[in-house]
Structures are given as C-alpha cells and as structure tokens.
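Listing of my_file_20.cif; format and content: mmCIF, C-alpha atoms.
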```cif
data_data
loop_
_atom_site.label_atom_id
_atom_site.label_comp_id
_atom_site.auth_asym_id
_atom_site.auth_seq_id
_atom_site.Cartn_x
_atom_site.Cartn_y
_atom_site.Cartn_z
CA MET V 1 24.46 5.30 115.31
CA ILE V 2 25.70 4.76 111.94
CA ARG V 3 23.32 4.22 109.17
CA ILE V 4 24.19 1.64 106.58
CA ASN V 5 22.09 1.18 103.56
CA LEU V 6 22.05 -2.45 102.76
CA LEU V 7 19.60 -2.18 99.89
CA PRO V 8 21.05 -2.84 96.43
CA HIS V 9 20.71 0.72 95.13
CA ARG V 10 23.17 0.21 92.32
CA GLU V 11 21.20 -2.71 90.93
CA GLN V 12 18.01 -0.71 91.21
CA ARG V 13 19.51 2.17 89.25
CA ARG V 14 20.86 -0.21 86.68
CA ALA V 15 17.43 -1.87 86.34
CA ALA V 16 15.76 1.55 86.07
CA ARG V 17 18.20 2.56 83.34
CA GLN V 18 17.59 -0.69 81.50
CA ARG V 19 13.82 -0.14 81.74
CA GLN V 20 14.27 3.42 80.39
CA PHE V 21 16.53 2.14 77.63
CA GLY V 22 13.99 -0.57 76.67
CA ILE V 23 11.15 1.96 76.61
CA PHE V 24 13.25 4.39 74.59
CA ALA V 25 14.36 1.63 72.19
CA GLY V 26 10.74 0.46 71.83
CA ALA V 27 9.60 4.03 71.15
CA VAL V 28 12.37 4.54 68.56
CA GLY V 29 11.59 1.16 66.95
CA GLY V 30 7.87 1.98 66.87
CA ALA V 31 8.60 5.40 65.36
CA ALA V 32 10.88 3.75 62.80
CA LEU V 33 8.15 1.25 61.93
CA LEU V 34 5.65 4.11 61.57
CA VAL V 35 8.05 6.00 59.29
CA VAL V 36 8.69 2.87 57.18
CA ALA V 37 4.95 2.11 57.01
CA ALA V 38 4.15 5.72 56.07
CA GLY V 39 6.91 5.70 53.45
CA HIS V 40 5.67 2.39 52.07
CA MET V 41 2.09 3.69 51.91
CA ALA V 42 3.24 6.92 50.22
CA MET V 43 5.32 5.00 47.67
CA SER V 44 2.47 2.55 47.06
CA ALA V 45 0.08 5.46 46.52
CA ARG V 46 2.53 7.10 44.08
CA ILE V 47 3.04 3.79 42.25
CA ASP V 48 -0.72 3.27 42.01
CA ALA V 49 -1.19 6.83 40.73
CA GLN V 50 1.57 6.32 38.14
CA ASN V 51 0.05 2.98 37.09
CA GLU V 52 -3.31 4.72 36.63
CA ARG V 53 -1.60 7.42 34.52
CA ASN V 54 0.16 4.74 32.47
CA ALA V 55 -3.11 2.87 31.93
CA TYR V 56 -4.80 6.12 30.86
CA LEU V 57 -1.94 6.93 28.48
CA GLU V 58 -1.98 3.41 27.03
CA GLY V 59 -5.71 3.76 26.43
CA GLU V 60 -5.20 7.13 24.72
CA ILE V 61 -2.32 5.70 22.66
CA ALA V 62 -4.57 2.83 21.56
CA LYS V 63 -7.25 5.38 20.53
CA LEU V 64 -4.66 7.42 18.61
CA ASP V 65 -3.29 4.29 16.92
CA LYS V 66 -6.82 3.44 15.79
CA GLU V 67 -7.29 6.99 14.50
CA ILE V 68 -3.93 6.81 12.70
CA ALA V 69 -4.99 3.53 11.09
CA ASP V 70 -8.26 5.18 10.02
CA ILE V 71 -6.34 8.16 8.61
CA LYS V 72 -4.01 5.82 6.68
CA GLU V 73 -7.02 3.98 5.29
CA LEU V 74 -8.61 7.30 4.28
CA LYS V 75 -5.36 8.37 2.61
CA ALA V 76 -5.23 5.09 0.71
CA GLN V 77 -8.84 5.57 -0.39
CA THR V 78 -8.06 9.16 -1.39
CA GLN V 79 -5.05 8.01 -3.43
CA ALA V 80 -7.18 5.34 -5.11
CA LEU V 81 -9.85 7.93 -5.93
CA LEU V 82 -7.21 10.35 -7.26
CA ALA V 83 -5.75 7.57 -9.42
CA ARG V 84 -9.23 6.80 -10.80
CA LYS V 85 -9.83 10.50 -11.39
CA GLN V 86 -6.51 10.75 -13.24
CA VAL V 87 -7.47 7.78 -15.44
CA VAL V 88 -10.83 9.37 -16.20
CA GLU V 89 -9.17 12.71 -16.99
CA THR V 90 -6.64 10.97 -19.25
CA LEU V 91 -9.43 9.16 -21.04
CA GLN V 92 -11.34 12.41 -21.35
CA THR V 93 -8.37 14.27 -22.86
CA ASN V 94 -7.44 11.35 -25.14
CA ARG V 95 -11.00 10.83 -26.28
CA ALA V 96 -10.57 12.95 -29.38
CA GLN V 97 -6.97 11.88 -30.05
CA THR V 98 -7.91 9.32 -32.70
CA VAL V 99 -10.06 11.88 -34.46
CA TYR V 100 -7.15 14.35 -34.50
CA LEU V 101 -4.82 11.63 -35.79
CA LEU V 102 -7.05 10.57 -38.66
CA ASP V 103 -7.92 14.17 -39.51
CA GLN V 104 -4.24 15.14 -39.64
CA LEU V 105 -3.32 12.11 -41.75
CA VAL V 106 -6.06 12.93 -44.27
CA ARG V 107 -5.01 16.58 -44.43
CA LEU V 108 -1.28 15.90 -44.61
CA LEU V 109 -1.24 12.94 -47.00
CA PRO V 110 0.20 14.16 -50.33
CA ASP V 111 -1.09 12.94 -53.68
CA GLY V 112 0.49 9.67 -54.75
CA VAL V 113 0.84 8.33 -51.19
CA TYR V 114 -1.40 5.48 -50.00
CA LEU V 115 -1.55 4.02 -46.51
CA LYS V 116 -1.85 0.31 -45.86
CA GLY V 117 -1.67 0.28 -42.06
CA ILE V 118 -1.74 2.49 -38.97
CA LYS V 119 -0.76 1.21 -35.52
CA GLN V 120 -0.93 3.34 -32.36
CA THR V 121 0.82 2.34 -29.13
CA GLY V 122 0.28 4.98 -26.47
CA ASN V 123 1.35 8.25 -28.09
CA GLU V 124 3.54 6.57 -30.71
CA VAL V 125 2.06 5.89 -34.17
CA ASN V 126 3.55 3.64 -36.87
CA VAL V 127 2.31 4.13 -40.43
CA GLN V 128 3.02 1.82 -43.40
CA GLY V 129 2.13 2.59 -46.97
CA PHE V 130 3.10 2.99 -50.60
CA ALA V 131 4.23 6.08 -52.47
CA GLN V 132 4.80 6.73 -56.16
CA SER V 133 8.31 7.99 -55.33
CA ASN V 134 10.68 8.64 -52.44
CA ALA V 135 10.12 12.39 -52.92
CA ARG V 136 6.47 11.94 -51.94
CA VAL V 137 7.56 10.09 -48.79
CA ALA V 138 9.85 13.04 -47.96
CA THR V 139 6.93 15.42 -48.53
CA LEU V 140 4.81 13.34 -46.14
CA ILE V 141 7.49 13.50 -43.44
CA ARG V 142 7.86 17.29 -43.82
CA SER V 143 4.07 17.66 -43.57
CA LEU V 144 4.01 15.52 -40.43
CA GLU V 145 6.74 17.71 -38.86
CA ALA V 146 4.71 20.86 -39.61
CA SER V 147 1.57 19.57 -37.91
CA PRO V 148 0.75 21.01 -34.44
CA TYR V 149 -0.63 17.61 -33.35
CA LEU V 150 2.29 15.44 -34.46
CA GLU V 151 5.99 15.47 -33.59
CA SER V 152 9.21 13.47 -33.91
CA SER V 153 8.43 11.94 -37.28
CA ASP V 154 11.11 9.49 -38.47
CA LEU V 155 11.42 7.38 -41.57
CA VAL V 156 11.86 3.80 -40.40
CA GLU V 157 12.42 2.23 -43.83
CA THR V 158 11.74 2.62 -47.51
CA LYS V 159 12.15 -0.04 -50.17
CA ALA V 160 11.16 -0.66 -53.74
CA ALA V 161 8.10 -2.82 -54.27
CA THR V 162 5.70 -3.79 -57.07
CA VAL V 163 1.96 -3.38 -56.54
CA ASN V 164 -0.51 -4.29 -59.35
CA GLY V 165 2.34 -4.26 -61.83
CA LEU V 166 3.46 -0.74 -60.83
CA ARG V 167 6.84 0.02 -59.29
CA VAL V 168 6.32 1.95 -55.98
CA SER V 169 8.21 2.78 -52.79
CA GLU V 170 7.00 0.91 -49.72
CA PHE V 171 7.67 2.92 -46.55
CA ALA V 172 7.28 2.86 -42.78
CA VAL V 173 7.13 6.10 -40.76
CA LYS V 174 6.79 6.59 -37.03
CA PHE V 175 5.80 9.75 -35.14
CA LYS V 176 4.32 10.83 -31.83
CA LEU V 177 1.04 12.49 -31.00
CA THR V 178 1.01 15.66 -28.92
CA GLN V 179 -1.80 16.72 -26.64
CA PRO V 180 -4.04 19.29 -28.31
CA GLN V 181 -3.87 22.61 -26.47
CA ALA V 182 -7.13 24.19 -25.35
CA PRO V 183 -7.70 27.64 -26.83
CA ALA V 184 -6.51 30.40 -24.51
CA GLU V 185 -9.02 32.80 -23.02
CA ASP V 186 -8.71 36.49 -23.72
CA ALA V 187 -8.90 39.26 -21.09
CA THR V 188 -12.74 39.16 -21.03
CA GLY V 189 -12.71 35.45 -20.15
CA LYS V 190 -14.13 34.36 -23.52
CA LYS V 191 -12.47 31.76 -25.67
CA PRO V 192 -11.65 32.90 -29.21
CA SER V 193 -13.92 31.43 -31.84
#
```

Can the structure from this file be put into structure tokens for me?
Amino acid sequence: MIRINLLPHREQRRAARQRQFGIFAGAVGGAALLVVAAGHMAMSARIDAQNERNAYLEGEIAKLDKEIADIKELKAQTQALLARKQVVETLQTNRAQTVYLLDQLVRLLPDGVYLKGIKQTGNEVNVQGFAQSNARVATLIRSLEASPYLESSDLVETKAATVNGLRVSEFAVKFKLTQPQAPAEDATGKKPS
C-alpha cells in the first residue's frame, strides 16, 4: 500500500519558521532596546557627572572672582596708602624749604637791594623789590645762581621808579628752589659734621 501524507507539512514548516523568525526578531529587538537603554543610562551618567564638574568649577570660579575683587580692593587701598605716604614724605622734605629760602635770600641780598614782595608757587619763587642801581640787581642774580639751594634765576623786568624822593630801579626776579641734599655718610657710616 502506498502511503500518502495528507498533512500540510509545508504550512507547518512555514509556521515554524515564522515562529522562529518572530522569536529571533523579538530577541534582537529586546537586545537593541537593552543596548539603547544602557547607552542612554551611560550618557545620562556622563552628562550628570559633567554637570557636577561644571557646577563645582562655577563655584570655584565664583570664589576666585571674589578673591580677585578682594585683591583689587587691597591694591586700591595700598595705592591710597602709598599716595598718602608720598604726600607725608613730600611735606616732610619740604618742611624746611621756606627756612632755606629766607636764609638764602638774607645771605645773598647785596647792600642797596630791598625786597617788597616774595611769592612762592610750588618750587618757583617770584621776588619783587627795589635796588639803588641795575648793577646791584645783576649782583643779586649772580648770587642767586651761585646758591646751592636756588637755580634758574631770571630777571623778569627792571624799570626806573621813585621811592621817597629817591630814584631807584624796581625789579622782578624769578628762580626755582632745589631740594636740599642730605649730607653723605662716610665709610664708617657717620655723617660729616
């Protein structure tokens, strides 16, 4: 007898292959989802870590900016103190300047010359006065040039005038004050007397 298989074996194989394909596709899809989820979690973790680093750096930058502001404020205070110190030192060195000026004028004033006014503006001094002759004015200017405390003496003007019935020369002279030099120390560290 002849055997005939009437069962639909081809459809069964096709159904089995489709089941295998569905399982395989589901497994691949699940694996892909796991890979995507793991990648997303890894990237999220890296982003969170970088955000934490950024927040830390921003905090440190804010601290450094505050310290820089404090340093700038300290520098400004230091500059202000140095400016005050410079003013005090200038006042200290110029304290005796008027004494030197008057002392030099008394020493250098030749006979027959009389002063009527002295005006000091900074280091520049203007002197007005009367002299018995123009030669005495010239002597005064030469004396001013020879002084170690005075420099750049110039005759501004001279003109004839009458004072108490006497004919005199009225003059105006300007010159500059120099800073007095401190005596130098010798090799033993003592100042010369």

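Those residues that approach Lys119 (chain V) to within 12 Å, counting all atoms listed in the file, are Thr98, Leu101, Leu102, Glu124, Val125, Asn126, Val127, Gln128, Gly129, Ala172, Val173, Lys174, Phe175 and Lys176 of chain V; same-chain residues fewer than 5 positions away are not listed.
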
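Between CA of Gly39 (chain V) and CA of Gly22 (chain V) the separation is 25.1 Å.
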
Long-range neighbours of Ala138 (chain V) as a compact mmCIF listing (two decimals) with C-alpha atoms, keeping the file's coordinate frame, 12 Å cut-off, all atoms listed in the file, 5 positions minimum in chain:
```txt
# COMPACT_ATOMS: atom_id res chain seq x y z
CA LEU V 108 -1.28 15.90 -44.61
CA LEU V 109 -1.24 12.94 -47.00
CA PRO V 110 0.20 14.16 -50.33
CA VAL V 113 0.84 8.33 -51.19
CA ALA V 131 4.23 6.08 -52.47
CA GLN V 132 4.80 6.73 -56.16
CA SER V 133 8.31 7.99 -55.33
CA SER V 143 4.07 17.66 -43.57
CA LEU V 144 4.01 15.52 -40.43
CA GLU V 145 6.74 17.71 -38.86
CA SER V 153 8.43 11.94 -37.28
CA ASP V 154 11.11 9.49 -38.47
CA LEU V 155 11.42 7.38 -41.57
CA GLU V 157 12.42 2.23 -43.83
CA THR V 158 11.74 2.62 -47.51
CA SER V 169 8.21 2.78 -52.79
CA PHE V 171 7.67 2.92 -46.55
CA ALA V 172 7.28 2.86 -42.78
CA VAL V 173 7.13 6.10 -40.76
```

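Pairwise distance (CA of Thr78 (chain V), CA of Gln92 (chain V)) equals 20.5 Å.
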
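We find CA of Thr178 (chain V) and CA of Gly122 (chain V) to be spaced 11.0 Å apart.
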
Q: Identify which of the residues V:Ala135, V:Ile68, V:Leu177, V:Val163 lies closest to Asn123 (chain V), counting only C-alpha atoms when measuring atom-to-atom distances.
A: V:Leu177

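Proximity of V:Thr162, V:Glu170, V:Leu150, V:Ile141 to Leu115 (chain V), computed with only C-alpha atoms, is greatest for V:Glu170.
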